[in-house]
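Dumped start27.txt below, it's compact mmCIF, C-alpha atoms:
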```
# COMPACT_ATOMS: atom_id res chain seq x y z
CA MET A 1 66.59 156.41 247.58
CA LYS A 2 63.67 154.35 248.77
CA SER A 3 64.36 150.59 248.65
CA PRO A 4 62.05 148.49 246.46
CA TYR A 5 59.12 146.86 248.17
CA PHE A 6 59.60 143.44 249.73
CA PRO A 7 57.07 141.62 251.96
CA SER A 8 57.76 141.86 255.68
CA LYS A 9 56.89 138.20 256.17
CA ILE A 10 57.65 135.24 253.90
CA ARG A 11 56.08 131.81 254.22
CA VAL A 12 58.80 129.21 253.59
CA ALA A 13 57.81 125.61 252.78
CA ALA A 14 60.27 122.94 253.90
CA ILE A 15 60.68 119.59 255.62
CA GLU A 16 62.89 118.90 258.62
CA LEU A 17 65.98 116.94 257.70
CA GLU A 18 69.19 116.52 259.70
CA GLY A 19 72.01 118.54 258.20
CA VAL A 20 69.75 120.25 255.67
CA MET A 21 66.90 122.00 257.52
CA MET A 22 66.35 121.88 261.28
CA VAL A 23 63.80 124.17 262.93
CA LYS A 24 64.35 125.20 266.56
CA ASN A 25 62.79 127.71 268.93
CA VAL A 26 65.32 129.33 271.25
CA ASN A 27 63.90 131.88 273.74
CA ASN A 28 60.79 132.29 271.58
CA GLN A 29 62.95 133.06 268.55
CA LEU A 30 63.00 130.96 265.41
CA PHE A 31 66.38 129.44 264.65
CA LEU A 32 67.14 127.47 261.50
CA ASP A 33 70.11 125.13 261.21
CA GLY A 34 71.47 123.11 258.35
CA LEU A 35 72.43 124.00 254.79
CA GLU A 36 69.03 125.30 253.65
CA GLY A 37 68.39 126.85 257.05
CA LYS A 38 71.54 128.93 256.71
CA LEU A 39 70.46 129.99 253.20
CA VAL A 40 67.02 131.13 254.43
CA HIS A 41 68.58 133.08 257.31
CA CYS A 42 70.97 134.78 254.90
CA LEU A 43 68.10 135.81 252.60
CA ALA A 44 66.07 137.07 255.56
CA ASP A 45 68.96 139.19 256.87
CA LYS A 46 69.70 140.67 253.45
CA LEU A 47 66.09 141.32 252.40
CA ASN A 48 64.84 142.14 255.91
CA PHE A 49 61.83 139.84 256.16
CA GLU A 50 60.37 137.69 258.91
CA ILE A 51 60.45 133.92 258.40
CA GLU A 52 57.39 131.71 258.81
CA ILE A 53 58.29 128.04 258.39
CA LEU A 54 55.56 125.75 257.03
CA LEU A 55 56.43 122.04 257.11
CA ALA A 56 55.03 119.89 254.32
CA PRO A 57 52.32 117.65 255.88
CA ASP A 58 53.43 114.60 253.86
CA ASP A 59 57.18 115.15 254.53
CA GLU A 60 57.94 115.05 250.81
CA LEU A 61 59.84 117.42 248.56
CA ILE A 62 57.66 116.61 245.59
CA SER A 63 55.19 113.92 244.57
CA VAL A 64 53.31 113.73 241.29
CA LEU A 65 49.58 113.39 241.84
CA ARG A 66 47.11 113.66 238.96
CA ASN A 67 45.77 116.27 236.55
CA GLY A 68 48.96 118.32 236.80
CA THR A 69 48.86 118.64 240.58
CA PHE A 70 51.71 117.95 242.98
CA GLY A 71 52.22 117.02 246.61
CA GLY A 72 54.97 117.92 249.05
CA ILE A 73 56.64 121.34 249.02
CA VAL A 74 55.77 121.93 245.35
CA GLY A 75 52.11 121.21 246.09
CA MET A 76 52.08 123.82 248.86
CA LEU A 77 53.46 126.43 246.46
CA GLN A 78 51.05 125.39 243.73
CA ARG A 79 48.08 125.86 246.09
CA GLY A 80 49.41 129.23 247.30
CA GLU A 81 49.95 128.03 250.87
CA ALA A 82 53.60 129.20 250.86
CA ASP A 83 55.66 131.84 249.06
CA ILE A 84 59.05 130.13 248.80
CA GLY A 85 60.10 126.46 248.82
CA VAL A 86 63.62 125.35 249.71
CA MET A 87 65.41 121.97 250.20
CA GLY A 88 67.31 121.85 246.91
CA LEU A 89 64.39 121.25 244.55
CA THR A 90 65.46 120.38 241.00
CA ILE A 91 64.52 122.41 237.96
CA SER A 92 62.31 120.47 235.54
CA GLU A 93 59.91 121.32 232.76
CA GLU A 94 56.96 119.54 234.42
CA VAL A 95 57.34 121.39 237.74
CA MET A 96 57.87 124.70 235.96
CA GLU A 97 54.20 124.65 234.92
CA ALA A 98 53.18 124.69 238.60
CA VAL A 99 55.80 126.94 240.24
CA ASP A 100 58.57 129.38 239.33
CA PHE A 101 62.29 128.86 239.90
CA SER A 102 65.11 131.07 241.06
CA ILE A 103 68.52 131.08 239.41
CA PRO A 104 70.32 127.71 239.82
CA LEU A 105 72.00 127.15 243.18
CA SER A 106 73.98 123.98 242.63
CA VAL A 107 74.21 120.82 240.54
CA LEU A 108 72.91 117.40 241.62
CA GLU A 109 74.45 114.27 240.08
CA MET A 110 71.84 111.59 240.67
CA GLY A 111 73.46 108.17 240.90
CA PHE A 112 73.28 105.23 243.26
CA VAL A 113 75.41 103.75 246.01
CA THR A 114 76.08 100.16 247.01
CA LYS A 115 78.04 98.66 249.85
CA VAL A 116 81.77 98.38 249.22
CA PRO A 117 82.20 94.84 247.86
CA GLY A 118 83.84 92.37 250.19
CA GLU A 119 86.28 89.65 249.27
CA MET A 120 84.93 86.68 247.36
CA PRO A 121 84.58 83.54 249.54
CA LYS A 122 87.65 81.31 249.41
CA VAL A 123 85.66 78.09 249.62
CA ALA A 124 85.32 78.05 245.84
CA ALA A 125 88.64 79.75 245.17
CA PHE A 126 89.73 77.00 242.76
CA SER A 127 87.12 78.11 240.23
CA TYR A 128 88.00 81.83 240.28
CA PRO A 129 91.03 81.92 237.90
CA PHE A 130 88.75 81.22 234.90
CA ASN A 131 85.28 82.56 234.30
CA GLN A 132 82.34 80.31 233.50
CA GLU A 133 82.76 80.52 229.73
CA VAL A 134 86.44 79.50 229.88
CA TRP A 135 85.68 76.53 232.15
CA ILE A 136 82.96 75.31 229.77
CA LEU A 137 85.26 75.72 226.76
CA TYR A 138 88.10 73.91 228.58
CA ALA A 139 85.82 71.00 229.51
CA LEU A 140 84.51 70.70 225.94
CA MET A 141 88.09 70.76 224.64
CA ILE A 142 89.06 67.88 226.97
CA LEU A 143 86.03 65.83 225.89
CA ALA A 144 86.78 66.51 222.22
CA ALA A 145 90.44 65.51 222.69
CA THR A 146 89.33 62.35 224.52
CA THR A 147 87.10 61.21 221.63
CA LEU A 148 89.60 62.18 218.93
CA PHE A 149 92.64 60.62 220.58
CA GLN A 150 90.77 57.40 221.39
CA ARG A 151 90.09 56.90 217.68
CA ILE A 152 93.30 58.26 216.16
CA LEU A 153 96.20 58.58 218.59
CA PHE A 154 96.02 55.72 221.11
CA ARG A 155 96.42 52.01 220.43
CA ASN A 156 93.40 49.93 221.50
CA ALA A 157 92.13 52.26 224.22
CA THR A 158 88.59 52.50 225.54
CA LEU A 159 86.87 55.87 225.85
CA ILE A 160 87.30 56.00 229.63
CA ASN A 161 90.97 55.06 229.32
CA SER A 162 91.50 57.80 226.75
CA PHE A 163 89.79 60.30 229.06
CA LEU A 164 92.04 59.34 231.99
CA SER A 165 95.13 59.69 229.82
CA VAL A 166 94.10 63.13 228.50
CA LEU A 167 93.18 64.28 232.01
CA GLY A 168 96.53 63.02 233.31
CA SER A 169 98.42 65.04 230.68
CA ILE A 170 96.91 68.23 232.14
CA ALA A 171 98.39 67.23 235.50
CA SER A 172 101.85 66.81 233.88
CA GLN A 173 101.54 63.02 233.55
CA ALA A 174 103.11 61.27 230.57
CA MET A 175 100.89 59.98 227.74
CA GLU A 176 101.88 56.45 226.68
CA ASN A 177 101.01 53.99 223.91
CA VAL A 178 100.73 56.76 221.31
CA ILE A 179 100.80 55.70 217.64
CA ASP A 180 103.94 57.23 216.09
CA SER A 181 103.53 58.99 212.74
CA SER A 182 104.37 62.44 211.34
CA TRP A 183 100.90 64.00 211.34
CA ARG A 184 100.06 62.39 214.69
CA ARG A 185 103.16 64.07 216.17
CA VAL A 186 101.72 67.46 215.13
CA MET A 187 98.42 66.66 216.85
CA PHE A 188 100.22 65.33 219.90
CA GLY A 189 102.46 68.41 220.11
CA PHE A 190 99.48 70.74 219.76
CA TRP A 191 97.73 69.05 222.66
CA LEU A 192 100.86 69.05 224.85
CA THR A 193 101.10 72.81 224.25
CA ILE A 194 97.52 73.27 225.48
CA ALA A 195 98.12 70.90 228.41
CA THR A 196 101.14 73.01 229.44
CA VAL A 197 99.88 76.54 228.84
CA MET A 198 96.40 76.24 230.40
CA PRO A 199 97.63 74.89 233.79
CA PHE A 200 100.31 77.59 233.79
CA PHE A 201 97.69 80.33 233.35
CA TYR A 202 95.55 78.69 236.01
CA ASN A 203 98.37 78.43 238.56
CA THR A 204 99.52 82.04 238.11
CA SER A 205 95.94 83.36 238.36
CA PHE A 206 95.23 81.21 241.40
CA LEU A 207 98.33 82.46 243.24
CA SER A 208 97.40 86.04 242.32
CA PHE A 209 93.95 85.54 243.79
CA LEU A 210 95.38 84.15 247.03
CA THR A 211 97.68 87.16 247.30
CA MET A 212 95.12 89.82 246.30
CA PRO A 213 91.61 88.30 246.58
CA GLN A 214 88.97 89.46 244.14
CA LYS A 215 85.99 91.52 245.22
CA VAL A 216 82.38 90.39 245.03
CA PRO A 217 80.97 91.94 241.82
CA VAL A 218 78.46 94.75 242.34
CA PRO A 219 76.53 96.83 239.78
CA ARG A 220 78.66 99.69 238.48
CA ASN A 221 76.11 101.54 236.34
CA PHE A 222 72.35 101.76 235.91
CA GLU A 223 72.25 99.17 233.13
CA GLU A 224 74.01 96.59 235.30
CA LEU A 225 71.78 97.56 238.24
CA SER A 226 68.64 97.13 236.14
CA ASN A 227 69.77 93.67 234.99
CA ALA A 228 70.63 92.66 238.58
CA VAL A 229 67.23 93.85 239.84
CA GLN A 230 65.35 92.06 237.04
CA SER A 231 67.21 88.81 237.81
CA GLY A 232 66.28 89.10 241.50
CA ASN A 233 69.85 89.50 242.75
CA TYR A 234 69.46 93.10 243.91
CA LYS A 235 66.94 95.54 245.33
CA CYS A 236 66.93 99.22 244.45
CA LEU A 237 65.48 101.86 246.77
CA SER A 238 64.45 105.40 245.86
CA ALA A 239 63.78 108.28 248.25
CA LYS A 240 60.12 108.76 249.12
CA GLU A 241 60.79 112.51 249.53
CA SER A 242 61.72 112.90 245.85
CA ASN A 243 60.61 111.62 242.45
CA GLU A 244 63.30 109.25 241.14
CA GLN A 245 60.67 106.68 240.16
CA TYR A 246 59.05 109.20 237.83
CA LEU A 247 62.42 110.18 236.34
CA LEU A 248 63.23 106.53 235.68
CA GLN A 249 59.90 105.81 234.01
CA VAL A 250 60.16 108.77 231.61
CA SER A 251 63.71 107.87 230.60
CA VAL A 252 64.52 107.11 226.95
CA ASN A 253 66.48 104.02 228.03
CA GLU A 254 64.43 100.84 228.30
CA TYR A 255 66.48 99.43 231.17
CA MET A 256 65.82 102.63 233.17
CA VAL A 257 62.07 102.31 232.54
CA LYS A 258 62.04 98.67 233.67
CA LEU A 259 63.98 99.58 236.80
CA GLY A 260 61.48 102.32 237.65
CA GLU A 261 58.52 99.97 237.09
CA ILE A 262 59.98 97.32 239.42
CA ILE A 263 60.70 99.91 242.13
CA GLU A 264 57.13 101.21 241.92
CA LYS A 265 55.60 97.72 241.83
CA ASN A 266 57.46 96.58 244.95
CA ASN A 267 57.22 99.97 246.69
CA TRP A 268 60.98 99.98 247.35
CA GLN A 269 61.51 103.27 249.16
CA TYR A 270 63.61 104.76 251.91
CA SER A 271 63.46 108.04 253.80
CA PHE A 272 66.16 110.66 254.25
CA THR A 273 65.14 110.88 257.90
CA GLU A 274 66.05 107.25 258.70
CA GLN A 275 69.35 105.41 258.85
CA PHE A 276 68.96 104.31 255.26
CA THR A 277 72.55 103.08 255.00
CA ASP A 278 71.49 100.11 257.15
CA HIS A 279 69.74 98.76 254.04
CA LEU A 280 73.13 98.38 252.38
CA GLU A 281 73.94 95.37 254.57
CA HIS A 282 71.98 93.37 252.00
CA PRO A 283 72.34 93.34 248.18
CA VAL A 284 70.69 96.75 247.89
CA ALA A 285 71.38 99.87 245.83
CA ILE A 286 70.15 103.29 246.94
CA ILE A 287 69.43 106.02 244.41
CA ILE A 288 70.66 109.35 245.77
CA ALA A 289 72.50 112.48 244.67
CA ARG A 290 76.18 112.56 245.53
CA LYS A 291 76.01 115.90 247.34
CA VAL A 292 72.95 114.82 249.33
CA PHE A 293 74.73 111.62 250.35
CA SER A 294 77.86 113.51 251.43
CA ILE A 295 75.75 115.85 253.60
CA LEU A 296 73.59 113.15 255.19
CA VAL A 297 76.14 110.34 255.51
CA GLY A 298 79.65 111.32 254.48
CA SER A 299 82.00 110.48 251.66
CA PRO A 300 84.54 107.70 250.95
CA PRO A 301 86.86 106.56 252.46
CA TYR A 302 85.03 107.47 255.69
CA VAL A 303 81.95 105.51 254.68
CA THR A 304 82.09 102.06 253.14
CA VAL A 305 80.03 102.63 250.01
CA ARG A 306 80.73 102.53 246.31
CA LEU A 307 79.36 105.26 244.05
CA SER A 308 77.99 104.39 240.62
CA ASP A 309 80.01 105.15 237.49
CA ASP A 310 77.12 106.88 235.72
CA TYR A 311 74.14 109.05 236.62
CA LEU A 312 70.39 108.84 236.31
CA GLY A 313 70.66 112.49 235.36
CA VAL A 314 72.26 115.80 236.25
CA TRP A 315 69.92 118.55 237.45
CA TYR A 316 70.24 122.10 238.71
CA THR A 317 68.73 122.90 242.09
CA ALA A 318 66.95 126.14 242.87
CA ILE A 319 64.54 127.87 245.22
CA ASN A 320 60.89 127.57 244.18
CA PHE A 321 58.37 130.41 244.17
CA ARG A 322 54.62 130.31 243.99
CA LYS A 323 53.22 131.66 240.75
CA GLY A 324 52.80 135.42 240.93
CA PHE A 325 55.34 135.99 243.72
CA CYS A 326 56.20 139.65 243.63
CA CYS A 327 59.90 139.76 244.29
CA ARG A 328 61.72 137.02 242.39
CA LYS A 329 64.21 139.53 240.98
CA ARG A 330 65.21 140.74 244.45
CA VAL A 331 65.77 137.17 245.68
CA ASP A 332 67.73 136.26 242.55
CA ASP A 333 70.04 139.25 243.05
CA VAL A 334 70.89 138.10 246.58
CA LEU A 335 71.30 134.48 245.45
CA HIS A 336 73.62 135.63 242.68
CA GLY A 337 75.97 137.13 245.25
CA ILE A 338 75.80 134.06 247.49
CA ILE A 339 76.58 131.67 244.64
CA ASN A 340 79.29 133.71 242.91
CA GLY A 341 80.94 134.36 246.25
CA GLY A 342 81.20 130.59 246.81
CA LEU A 343 79.16 130.75 250.01
CA TYR A 344 76.67 128.05 249.06
CA GLU A 345 79.33 125.48 248.12
CA LYS A 346 81.26 126.45 251.27
CA TRP A 347 78.16 125.74 253.38
CA ILE A 348 77.77 122.36 251.70
CA SER A 349 81.38 121.42 252.51
CA GLU A 350 81.13 122.69 256.08
CA HIS A 351 77.94 120.79 256.90
CA ALA A 352 79.18 117.63 255.17
CA PHE A 353 82.36 117.78 257.26
CA ARG A 354 80.71 118.78 260.55
CA ASP A 355 77.91 116.23 260.44
CA THR A 356 80.21 113.33 259.52
CA LEU A 357 83.20 114.27 261.68
CA HIS A 358 82.49 111.51 264.20
CA LYS A 359 82.62 108.94 261.38
CA ARG A 360 86.03 110.20 260.36
CA LEU A 361 87.33 109.95 263.94
CA GLU A 362 86.19 106.31 264.14
CA VAL A 363 88.20 105.28 261.09
CA LYS A 364 91.30 103.29 261.95
CA HIS A 365 94.16 102.99 259.54
CA GLU A 366 95.14 99.44 258.73
CA GLU A 367 98.15 98.43 256.72
CA PRO A 368 97.14 96.19 253.80
CA ARG A 369 98.16 92.54 254.21
CA LEU A 370 100.06 91.44 251.12
CA GLN A 371 101.58 88.15 252.32
CA LEU A 372 100.03 84.70 252.27
CA ILE A 373 99.00 83.17 255.59
CA LEU A 374 97.90 79.68 256.55
CA GLU A 375 94.23 80.69 256.34
CA ASP A 376 94.70 81.60 252.67
CA LEU A 377 96.21 78.20 251.88
CA LYS A 378 93.73 76.13 253.92
CA MET A 379 91.66 75.10 250.91
CA ALA A 380 94.80 74.27 248.94
CA PHE A 381 95.95 71.89 251.69
CA TYR A 382 92.49 70.31 251.87
CA ALA A 383 92.57 69.68 248.13
CA LEU A 384 96.10 68.27 248.38
CA PHE A 385 95.16 65.81 251.11
CA ILE A 386 92.01 64.75 249.23
CA GLY A 387 94.13 64.21 246.10
CA TYR A 388 96.63 62.09 248.04
CA ALA A 389 93.80 60.00 249.49
CA LEU A 390 92.31 59.36 246.05
CA SER A 391 95.75 58.54 244.65
CA PHE A 392 96.32 55.88 247.33
CA LEU A 393 92.88 54.39 246.62
CA VAL A 394 93.68 54.14 242.91
CA PHE A 395 97.10 52.67 243.71
CA PHE A 396 95.62 49.92 245.88
CA ALA A 397 92.91 49.28 243.31
CA GLU A 398 95.54 48.81 240.56
CA ILE A 399 97.37 46.29 242.74
CA LEU A 400 94.24 44.29 243.56
CA ILE A 401 92.59 44.30 240.11
CA THR A 402 95.40 45.15 237.75
CA LYS A 403 93.91 43.74 234.57
CA ARG A 404 90.59 45.56 234.79
CA LEU A 405 92.16 48.94 235.49
CA ALA A 406 94.85 48.75 232.82
CA ILE A 407 94.63 51.93 230.79
CA PHE A 408 95.63 50.27 227.53
CA TYR A 409 94.99 46.71 226.57
CA SER A 410 95.00 44.58 223.45
```
How does this structure look as C-alpha cells?
Amino acid sequence: MKSPYFPSKIRVAAIELEGVMMVKNVNNQLFLDGLEGKLVHCLADKLNFEIEILLAPDDELISVLRNGTFGGIVGMLQRGEADIGVMGLTISEEVMEAVDFSIPLSVLEMGFVTKVPGEMPKVAAFSYPFNQEVWILYALMILAATTLFQRILFRNATLINSFLSVLGSIASQAMENVIDSSWRRVMFGFWLTIATVMPFFYNTSFLSFLTMPQKVPVPRNFEELSNAVQSGNYKCLSAKESNEQYLLQVSVNEYMVKLGEIIEKNNWQYSFTEQFTDHLEHPVAIIIARKVFSILVGSPPYVTVRLSDDYLGVWYTAINFRKGFCCRKRVDDVLHGIINGGLYEKWISEHAFRDTLHKRLEVKHEEPRLQLILEDLKMAFYALFIGYALSFLVFFAEILITKRLAIFYS
C-alpha cells in the first residue's frame, strides 16, 4: 500500500535555547539537541522528511503586534515563512486565529519563583515575637492602664509615676501604695494577670525565635506579589520570549491586571538565554513555567528558589502549524504515540537532570544547627548590660535626689 503523501522537506521555526533547542552542524549534517530538538528529529525519522531550521529573527516565541498580527515563531507561521513551529508554544484562542495546533504535548503551570528567604536579621530580634498590631495594642493597653490607675488605684501619684509603676509590673516588679477595696482588687488582679501572661508569651516566642529563626517574608501567591510590587518592595520580571504581560493584562483579577501594567510600564523583562537567576539576588520575582524552570535551571533542593503557591494559569503546549498545512493528521498520529508512550515526559526529565547535574554535585549536605550559640545571644547580652547600666543610673539618681524621684508622694 502506498504511504500517504508527506513533504520531503519541512521548514521548522524555532529559537536557540540551551537545553531546549540547540542547532549544530557536524560534518555538514544538521544535528539538533535539546528537548524540542529531539522531538523534531523523532518526527523527521518517523515521517521521513528533511529538516530546515529557521530561527526567529527577534528571538521570541510569540509577541502580539497589532491588527491581529504576531511576531516571533507564531509570526513566521502566520506569514507562511515556516511550516511547523516548536518550542512548547501554548494553545490559546487568540493564537488559534493565526495558526493551527497539534494535539497537546504537555502542561505548563505558569507561576513565579523568588529566592529562598533567608533568616530575619537578629538586630531587631526583640520585636519579632509580636507583630506590629500586637505591639500597638500592648502599648495602648499600658497607656490606658497608666491613666486609669493614676486616677483610681494609686494614692496621690502623678501620671509619670503611675506609668513607671505599671511598666515595672510588666517586669515583675511589685506595685505599691494601691488603694485597698473590693472592686479595686478585681481591677488589680485583672492587670496582674495581663502583666504575667504577656511577658510569658513574649519570652517563649523569643526563645523559639533564637532556636529556630524566622524567615524573611516573601510573596507566596500572585496577589501578594502584586501588592509587594505596587508598594515598591519587589520587582517582577517576565520573559521577553513569551507573552506573560498580555496574559496578566487580560486576567479577570484586578491585581493581576495591575501587575501586568507595572511590568509593561517599567519594561521588566529577562531572557531565557541569560543567567536570569542572578536577578534573584535582589527582591525580584520571575514569572516562569515550572517545567521550563526545571529544564533551564533545575529544581529544589538543588537550586535555592521558592516556587509560588498559585499559578498565573495552566496551559497546554503543542506544535504549531501554518494555516493550510497539508499533513496535520500525520504529525498528530506520530505525536500521539510519542505522548502516550511517555517519551516526551521522559525527555523532559532526562534533559532537566542532565543539564543541572553539575548543580546537584555542588550541593553539600549540612546538618541543621538546633542549639543556641553565643552569636544568637549577643543581642540579649547587649540588652542586659544596657539595662544594668540604666538601673545603676536610676539608683544613683534616687540617692542624690530622693524627694524628686519618689514614685508616690503626699
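Shortest separation to A:Phe353 among A:Val331, A:Leu140, A:Ile295, A:Ile62 occurs at residue A:Ile295, atoms counted being only C-alpha atoms.
Using only C-alpha atoms, the shortest contact distance between A:Glu109 and any of A:Glu81, A:Asp309, A:Glu254, A:Glu36 is found at A:Asp309.
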Atomic distance atom CA of A:His351 - atom CA of A:Gly34, expressed in Å with one decimal
7.0 Å
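Among the candidate residues A:Val216, A:Val394, A:Ile288, A:Leu335, the one lying nearest to A:Met120 is A:Val216, with distances computed using only C-alpha atoms.
Counting all atoms listed in the file and comparing A:Thr273, A:Thr90, A:Ser127, A:Ser162, the residue that lies closest to A:Ser242 is A:Thr90.
Among the candidates A:Pro129, A:Lys346, A:Gly72, A:Leu143, the one nearest to A:Leu207 when counting all atoms listed in the file is A:Pro129.
Among the candidates A:Ile399, A:Leu167, A:Leu393, A:Val113, the one nearest to A:Thr146 when counting all atoms listed in the file is A:Leu167.
Computed from the coordinates, the atom CA of A:Arg322 to atom CA of A:Gly85 distance equals 8.3 Å.
Computed from the coordinates, the atom CA of A:His336 to atom CA of A:Val297 distance equals 28.5 Å.
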Counting only C-alpha atoms, what is within 8 Å of A:Ile319, bar same-chain residues fewer than 3 positions away, as a PDB file with C-alpha atoms, in the coordinates of the input?
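Writing the result to part27.pdb gives the following:
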```
ATOM      1  CA  ILE A  84      59.050 130.130 248.800  1.00  0.00           C
ATOM      2  CA  GLY A  85      60.100 126.460 248.820  1.00  0.00           C
ATOM      3  CA  VAL A  86      63.620 125.350 249.710  1.00  0.00           C
ATOM      4  CA  MET A  87      65.410 121.970 250.200  1.00  0.00           C
ATOM      5  CA  GLY A  88      67.310 121.850 246.910  1.00  0.00           C
ATOM      6  CA  LEU A  89      64.390 121.250 244.550  1.00  0.00           C
ATOM      7  CA  PHE A 101      62.290 128.860 239.900  1.00  0.00           C
ATOM      8  CA  SER A 102      65.110 131.070 241.060  1.00  0.00           C
ATOM      9  CA  ILE A 103      68.520 131.080 239.410  1.00  0.00           C
ATOM     10  CA  PRO A 104      70.320 127.710 239.820  1.00  0.00           C
ATOM     11  CA  LEU A 105      72.000 127.150 243.180  1.00  0.00           C
TER      12      LEU A 105
END
```
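A search radius of 12 Å centred on (90.1, 77.3, 229.1), applied to all atoms listed in the file, returns the residues Ser127, Pro129, Phe130, Asn131, Gln132, Glu133, Val134, Trp135, Ile136, Leu137, Tyr138, Ala139, Leu140, Met141, Ile142, Ile170, Ile194, Ala195, Thr196, Val197, Met198, Pro199, Phe200, Phe201 and Tyr202 of chain A.
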Neighbour list for A:Gln214 as a list in words, cut-off 9 Å, all atoms listed in the file, skip fewer than 5 positions in-chain:
Gly118, Glu119, Met120, Tyr128 and Phe209 of chain A
Could you list, as an NGL selection string, every residue within 8 Å of stretch 218-228 of chain A, counting all atoms listed in the file and ignoring same-chain residues fewer than 3 positions away?
:A and (114 or 117 or 231-234 or 255-256 or 258-259 or 285 or 307-312)
For A:Phe188, please output as a list in words all residues within 12 Å (counting only C-alpha atoms; exclusion window: fewer than 5 positions along the same chain).
Ala145, Leu148, Phe149, Ile152, Leu153, Phe154, Val166, Ser169, Ala174, Met175, Glu176, Val178, Ile179, Asp180, Ser181, Ser182, Trp183, Thr193, Ile194 and Ala195 of chain A
